[in-house]
Every structure is written in C-alpha cells, then in structure tokens.
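For reference, the structure discussed in these notes is given below.
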Amino acid sequence: MAQRHLDPTDPTAAAGPPPVPAGGDALADYLRAQATEFLRALRLHRESGAGAHGNGAHPSGAHPSGAGALDRGRGRGPAPAPDGPVDAARALRRAARRLSGTLHTFQPLLDAEWAEAMRPELAWLSGTLALEHAYASRLDRLLQALHRLSGSAAFPAQQQAGRAAPARAAATADPAPVTPLAPSVTRPSPADRGNLTVGAAKAGALLDRQLTLARTRAHSTALQALGSSRFHAVADKVALLASEVPLKDTAAAAADLRPLAAAARDRLTDAVAALPLVTAGNPYNAQALVHGLSPDPAPHPQDAQWHQVRLLLRLHRYALEVLAGTDADGADGTTDVRLLAAGEALDRHRDASEAAAAAAQAARTPRIAPATAYALGVLHADQRHEVEAARYAFQHSWRKEPIRL
C-alpha cells in the first residue's frame, strides 16, 4: 500500500473522497434501518434465549431471565450455539451504538427533546451489555499473555481443543435454548496451569477469580437490565423509531447532512492532532512504563486521549455510513480501509490498557506472595508495551494514503 506523510489535522486526510450528497431522508432511512436491526436482534434473543421459555417476554422482544440462565452463563450448562443469543446480544449492542452515535452527530435535525432523552438510554444499554464480554475477553487476553511470557507450549494446544469443543457440544447437547450474553472464553485448564511457574500460576488463578467474579456480576446486571422497565421503555421507543423518525421540522427532510458529518470529522482530526504521534512513531517507547509504580490506581494519564479518539473515530464512521446509505463494512463497496485499520489499532489499545489496569489491580491484592506480585508486574509491563505497539500501529495507518475499495 502506497504511503505518504500527511498532516493529521487536514480534513481531507481523514475523510477520503467527498461523500455523495445526502439529505434528511437518508438520515431517516438509516435510523429506521438500525431500529429494525435492533428489534430483529431482540426477537432473535427471545427465540434463542430465555424468552423461548415463556417467562414474561416483553412484546418488543425483551425478556427477563431467571436464575437458570445465570447458571448457564457461569458455565454450568450446554455451550451456546455460535448463531444463538451471543450473536443476538452482539447485534443488539451494535445497533444501539449506531443509533446513539447517529443521534449525537445529527441531533440538530431531530426533535431535540426526543434525541436528548433517547441517546443516553441507548448508551446505557450498549454499555451494560458489553461489560460481560469485556471481562471475559480481558481474562482471556491476560491468561494468554501469561503463557506466552512463560514460554508454555500447552496453551495453544488447549486453545485448539477449545475451538473444537463447541462443535462437539452442539452435536451432543440438549437442544433447549440458553441465554448467556457473551461468548464462552477458552482458558487453560488447571492441569495446563501446572506448566507455569508458581508465581505465574498463582497470578493466573488470582486474575481468574477476580475477573470471573466481575463477569458474573456483569452478567447478572445485564439480565436485570433486559428485564427492567427502563429497557422496555427503550425498546418501545425504538419500535416507534422503526416506523417514524421524529425530524425537527419539514425542512429537516431536505437538509444537507454533509456539514454535520464534516463537523464529526473535524472533531476527530482535532483530537488526533492533540495525540503524541511523534512519540508513538517509535515501535519501542519508554513512555509505556511511565507512572507504572504510581500509588494512584487511576488509568494511565495518556490513555484517556486515545480512548476519546476511538469514540470520535466511531462517530465519524457512523456519519459516513449515513451519507453512504449503508454500513461502512463494505456492503456498498466504499470501505475506507485506513479508517478500519485505525479503528482496529485503537480497539487493541483499549483492550491492552484495560488488561494492564486489571493486572495492576490484582497486584494490589493484600498478602499475595512475592512471586505472584512479580508475575503480575511483568504482565502489567507486557500489556503497557502492547499499548505502545497499538499506538504505533495507529499512527502508521493514519498517515497512509486513504484508500477506498
């Protein structure tokens, strides 16, 4: 891929070719499409999850789930089918994020009171449903790093066996539907942890206890949210949105969306310009360990800037989806691969920074053995270096020539 060094503050560097002119009708079509996806995911979740048991499903597709579902979420039941409630929950989060982000960007064209009330509710829903998956992925990431740092060869074989297990379970398990909200994560068994050093094995066990407990609590919170009156109210409003979009006035239907989309792009380029991209241009950077021994348990001071850029990049991509009349995942052949690569790097940055924070939090556990604390410290340093690698990948992709496929 050809490269040229561009000024990140240049709007043309972030936008690529100018989008096709679109009006308020395109915004309404996009919101209706995402609302339809939201309702379809709810129906799928009800049919493949606890809603199929008939325990008080909501007419729009929401359903409260009982204790049996929570037990299965803890791993005491058959594994979920790949296209079951796990994919439904993911699609639900995806539609809620896009609805919330689009309302934020194009709020001047919508009924102000309705948009102000709707946007935080959608953000609450997507954030609540994402927690369980985030904790599971974080634990998986940290355990893989422990095995990699220990030179253990047992974990890859265990991972291969874990990928085959769901297929065997699907062929032999009871066909009754299940309701876990996040995919089960392949982790080394206790026997495999015996290949680690004592400190690494105890560090892995400590992380397993802490993050599994957090995941279980997040699962319970998500189940309660899906059965709450607050969620039912959100689902009802989305059902109305699927048929009628509350535009601000009749003139909004003919309004040009490009100025608002350009404002989202400018906010992104301004935030990127404030990042230390020159520092991130080095693949190895000592800044990764700055404040590593600080007694303050708050996140690394630079991480917030990068997380904000990640959110603004998402808003920019959603605005491009509205202008293109489709998702930015390539359905219309206009995928900006540079934005996709930058988004993937920022996702890795977020995952690594949160994993490093989890390792640091575990190391603050009172009365742990010195070998355990040492293993957690090495793990924290490894994840902070992963943070720097993600920043390097971001600046490398951001300065490339925009290419649309």
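Residues in the structure tokens are numbered from 1 in each chain, the chains being A, B, ... in the order shown, and ligands are numbered from 1 in the order shown.
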
Taking 5 positions as the minimum chain separation for residues in the same chain, which residues sit within 7 Å of His349 in chain A when counting only C-alpha atoms? Answer as a ChimeraX atom specification. /A:387,390-391

I'd like the contact shell of Glu244 in chain A - 9 Å cut-off, only C-alpha atoms, skipping same-chain residues fewer than 4 positions apart - returned as a PyMOL selection string. chain A and resi 28+32+240

Any chance you can output those residues with N, CA, C and O atoms as a CSV table (one decimal), in the first residue's frame?
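Output contents, as saved in result-v1.csv:
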```
chain,number,residue,atom,x,y,z
A,28,ALA,N,-33.2,9.6,8.0
A,28,ALA,CA,-34.4,8.8,8.5
A,28,ALA,C,-34.3,7.4,8.1
A,28,ALA,O,-34.6,6.5,8.9
A,32,ARG,N,-34.2,4.2,10.7
A,32,ARG,CA,-35.2,3.2,10.6
A,32,ARG,C,-34.5,1.8,10.4
A,32,ARG,O,-34.9,0.8,11.0
A,240,LEU,N,-41.1,2.4,17.8
A,240,LEU,CA,-41.7,3.6,17.2
A,240,LEU,C,-40.8,4.2,16.1
A,240,LEU,O,-41.2,4.7,15.1
```

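Excluding range 105-112 of chain A itself and any same-chain residue fewer than 6 positions from it, the protein and nucleic acid residues within 10 Å of it, counting only C-alpha atoms, are Gly24, Leu27, Ala28, Met118, Arg119, Val245, Pro246, Leu247, Lys248, Asp249, Thr250, Ala251, Ala252, Ala253, Ala255, Asp256, Leu257, Pro259, Leu260, Ala261, Ala262, Ala263, Ala264, Leu315, His316, Tyr318, Ala319 and Val322 of chain A.
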
What's the 9 Å shell around Arg384 in chain A, counting only C-alpha atoms, without same-chain residues fewer than 2 positions away, as number ranges by chain? A: 288-289, 292, 352-353, 355-356, 379-382, 386-389

Let me make sure I understand: among A:Arg310, A:Tyr392, A:Ala363, A:Arg93, which one has the smallest atom-to-atom distance to Pro276 in chain A if we use only C-alpha atoms?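 Checking each candidate against Pro276 in chain A, we get A:Tyr392 as the closest.
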
Which of A:Thr365, A:Arg97, A:Ala324, A:Leu277 sits closest to Phe394 in chain A [using only C-alpha atoms]: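 For Phe394 in chain A, the nearest of the candidates is A:Leu277.
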
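Across the structure, CA of Arg141 in chain A and CA of Ala360 in chain A are spaced 14.5 Å apart.
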
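Those residues that approach Ala341 in chain A to within 12 Å, counting only C-alpha atoms, are Arg310, Leu313, Thr335, Asp336, Val337, Arg338, Glu344, Ala345, Leu346, Asp347, Arg348, Ala390, Arg391, Tyr392, Ala393, Phe394, Gln395, His396, Ser397, Trp398, Arg399, Lys400, Pro402 and Ile403 of chain A; same-chain residues fewer than 3 positions away are not listed.
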
Written file, previous selection with C-alpha atoms, as a PDB file, in the first residue's frame:
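Once written, selection_2.pdb looks like this:
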```pdb
ATOM      1  CA  ARG A 310     -11.511   5.863  19.434  1.00  0.00           C
ATOM      2  CA  LEU A 313     -13.477   7.673  15.079  1.00  0.00           C
ATOM      3  CA  THR A 335     -14.958   0.869   2.713  1.00  0.00           C
ATOM      4  CA  ASP A 336     -12.165   3.192   3.835  1.00  0.00           C
ATOM      5  CA  VAL A 337      -9.537   0.624   4.792  1.00  0.00           C
ATOM      6  CA  ARG A 338      -7.440   3.286   6.502  1.00  0.00           C
ATOM      7  CA  GLU A 344      -8.641  -1.917  14.908  1.00  0.00           C
ATOM      8  CA  ALA A 345      -5.468  -0.403  16.374  1.00  0.00           C
ATOM      9  CA  LEU A 346      -7.500   1.709  18.812  1.00  0.00           C
ATOM     10  CA  ASP A 347      -9.539  -1.338  19.824  1.00  0.00           C
ATOM     11  CA  ARG A 348      -6.304  -3.177  20.627  1.00  0.00           C
ATOM     12  CA  ALA A 390      -1.135  -0.274  19.234  1.00  0.00           C
ATOM     13  CA  ARG A 391      -0.309   3.445  19.238  1.00  0.00           C
ATOM     14  CA  TYR A 392       2.478   2.812  16.753  1.00  0.00           C
ATOM     15  CA  ALA A 393       0.093   0.837  14.522  1.00  0.00           C
ATOM     16  CA  PHE A 394      -2.463   3.644  14.691  1.00  0.00           C
ATOM     17  CA  GLN A 395      -0.096   6.410  13.669  1.00  0.00           C
ATOM     18  CA  HIS A 396       1.320   4.160  10.936  1.00  0.00           C
ATOM     19  CA  SER A 397      -2.132   3.554   9.426  1.00  0.00           C
ATOM     20  CA  TRP A 398      -3.348   7.117   9.997  1.00  0.00           C
ATOM     21  CA  ARG A 399      -0.562   8.625   7.887  1.00  0.00           C
ATOM     22  CA  LYS A 400      -1.213   6.340   4.943  1.00  0.00           C
ATOM     23  CA  PRO A 402      -6.707   6.960   2.166  1.00  0.00           C
ATOM     24  CA  ILE A 403      -7.838   4.056   0.009  1.00  0.00           C
TER      25      ILE A 403
END
```

Which is closer to Gly343 in chain A than all the others in A:Ala358, A:Leu323, A:Thr216, A:Trp306, using only C-alpha atoms?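 Comparing A:Ala358, A:Leu323, A:Thr216, A:Trp306 against Gly343 in chain A, the winner is A:Trp306.
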
Do you have, as a tab-separated table, the list of residues of range 307-373 of chain A lying at most 10 Å from range 202-213 of chain A, each with its nearest atom pair and that distance in Å to one decimal, counting only C-alpha atoms and ordered by chain then number?
```
residue	atom	partner	partner_atom	distance
A:Ala358	CA	A:Leu207	CA	8.0
A:Ala359	CA	A:Leu207	CA	7.5
A:Gln361	CA	A:Leu207	CA	9.5
A:Ala362	CA	A:Leu207	CA	6.6
A:Ala363	CA	A:Ala203	CA	8.5
A:Thr365	CA	A:Leu206	CA	9.1
A:Ile368	CA	A:Lys202	CA	9.2
A:Ala369	CA	A:Lys202	CA	8.7
A:Ala371	CA	A:Lys202	CA	8.5
A:Thr372	CA	A:Ala203	CA	5.2
A:Ala373	CA	A:Ala203	CA	7.5
```

Point-to-point distance in Å for CA of Leu311 in chain A and CA of Ala222 in chain A: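 Atom-to-atom, CA of Ala222 in chain A to CA of Leu311 in chain A, that is 22.4 Å.
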